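As stored in coords_36.cif (mmCIF, C-alpha atoms):
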data_target
#
loop_
_atom_site.group_PDB
_atom_site.id
_atom_site.type_symbol
_atom_site.label_atom_id
_atom_site.label_comp_id
_atom_site.auth_asym_id
_atom_site.auth_seq_id
_atom_site.Cartn_x
_atom_site.Cartn_y
_atom_site.Cartn_z
ATOM 1 C CA MET A 1 -14.421 152.944 74.008
ATOM 2 C CA THR A 2 -14.393 156.712 74.306
ATOM 3 C CA MET A 3 -11.515 159.152 74.549
ATOM 4 C CA GLU A 4 -11.569 162.604 76.130
ATOM 5 C CA LEU A 5 -8.915 165.301 75.824
ATOM 6 C CA HIS A 6 -8.702 167.668 78.786
ATOM 7 C CA PRO A 7 -6.568 170.807 78.271
ATOM 8 C CA GLU A 8 -4.225 171.618 81.127
ATOM 9 C CA ASP A 9 -1.786 174.432 81.796
ATOM 10 C CA GLY A 10 0.353 175.593 78.898
ATOM 11 C CA ASP A 11 0.571 173.194 75.972
ATOM 12 C CA ARG A 12 -0.322 170.093 78.001
ATOM 13 C CA ALA A 13 -3.413 167.900 77.791
ATOM 14 C CA ARG A 14 -4.690 164.884 79.692
ATOM 15 C CA ILE A 15 -6.050 161.944 77.667
ATOM 16 C CA VAL A 16 -8.752 159.891 79.384
ATOM 17 C CA LEU A 17 -9.951 156.579 77.931
ATOM 18 C CA HIS A 18 -13.222 154.945 79.030
ATOM 19 C CA ARG A 19 -14.374 151.431 78.278
ATOM 20 C CA ALA A 20 -17.002 149.225 79.907
ATOM 21 C CA CYS A 21 -15.800 145.674 80.527
ATOM 22 C CA ASP A 22 -17.826 142.668 81.684
ATOM 23 C CA THR A 23 -15.003 140.703 83.319
ATOM 24 C CA ALA A 24 -11.741 141.393 85.119
ATOM 25 C CA GLU A 25 -9.865 139.595 82.331
ATOM 26 C CA GLU A 26 -11.461 141.821 79.696
ATOM 27 C CA ARG A 27 -10.605 144.893 81.795
ATOM 28 C CA ASP A 28 -6.971 143.808 82.140
ATOM 29 C CA MET A 29 -6.660 143.249 78.389
ATOM 30 C CA ALA A 30 -8.276 146.645 77.718
ATOM 31 C CA GLU A 31 -5.818 148.354 80.091
ATOM 32 C CA GLU A 32 -2.885 146.692 78.323
ATOM 33 C CA GLY A 33 -4.224 147.684 74.889
ATOM 34 C CA SER A 34 -4.855 151.261 76.011
ATOM 35 C CA ALA A 35 -1.316 151.532 77.322
ATOM 36 C CA MET A 36 0.028 150.324 73.975
ATOM 37 C CA LEU A 37 -2.139 152.868 72.133
ATOM 38 C CA LEU A 38 -0.794 155.711 74.270
ATOM 39 C CA ASP A 39 2.876 154.639 74.113
ATOM 40 C CA GLY A 40 3.286 155.887 70.522
ATOM 41 C CA PRO A 41 1.995 159.439 71.051
ATOM 42 C CA THR A 42 3.805 159.647 74.395
ATOM 43 C CA ALA A 43 7.136 158.748 72.785
ATOM 44 C CA PHE A 44 6.524 161.242 69.963
ATOM 45 C CA VAL A 45 5.714 164.110 72.331
ATOM 46 C CA ALA A 46 8.670 163.294 74.577
ATOM 47 C CA ARG A 47 11.153 163.964 71.760
#

Show me this structure written as structure tokens.
Amino acid sequence: MTMELHPEDGDRARIVLHRACDTAEERDMAEEGSAMLLDGPTAFVAR
């Protein structure tokens, strides 16, 4: 898995996660895990 940070206007940034998956099931699990990983920082920044 790789992660890229792309600066945007002001103090914003876009986080992009990449992961190669062999099956649709693996992809779905990776999407769910990625969402969980991003929930914490998203909640912190939203404060």

Can you pull out the residues contacting Leu17 of chain A? Cut-off 8 Å, using all atoms listed in the file, and skip same-chain residues under 4 positions away; I want them as an MDAnalysis selection string.
chainID A and resid 1:4 34

Since we have the selection now, will you write its residues out, keeping C-alpha atoms, as a PDB file, keeping the file's coordinate frame?
ATOM      1  CA  MET A   1     -14.421 152.944  74.008  1.00  0.00           C
ATOM      2  CA  THR A   2     -14.393 156.712  74.306  1.00  0.00           C
ATOM      3  CA  MET A   3     -11.515 159.152  74.549  1.00  0.00           C
ATOM      4  CA  GLU A   4     -11.569 162.604  76.130  1.00  0.00           C
ATOM      5  CA  SER A  34      -4.855 151.261  76.011  1.00  0.00           C
TER       6      SER A  34
END

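Minimum atom-to-atom distance to Ala46 of chain A, evaluated using all atoms listed in the file, belongs to A:Arg12 out of A:Arg12, A:His18, A:Arg27, A:His6.
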
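Going from atom CA of Asp11 of chain A over to atom CA of Val45 of chain A, you cover 11.1 Å.
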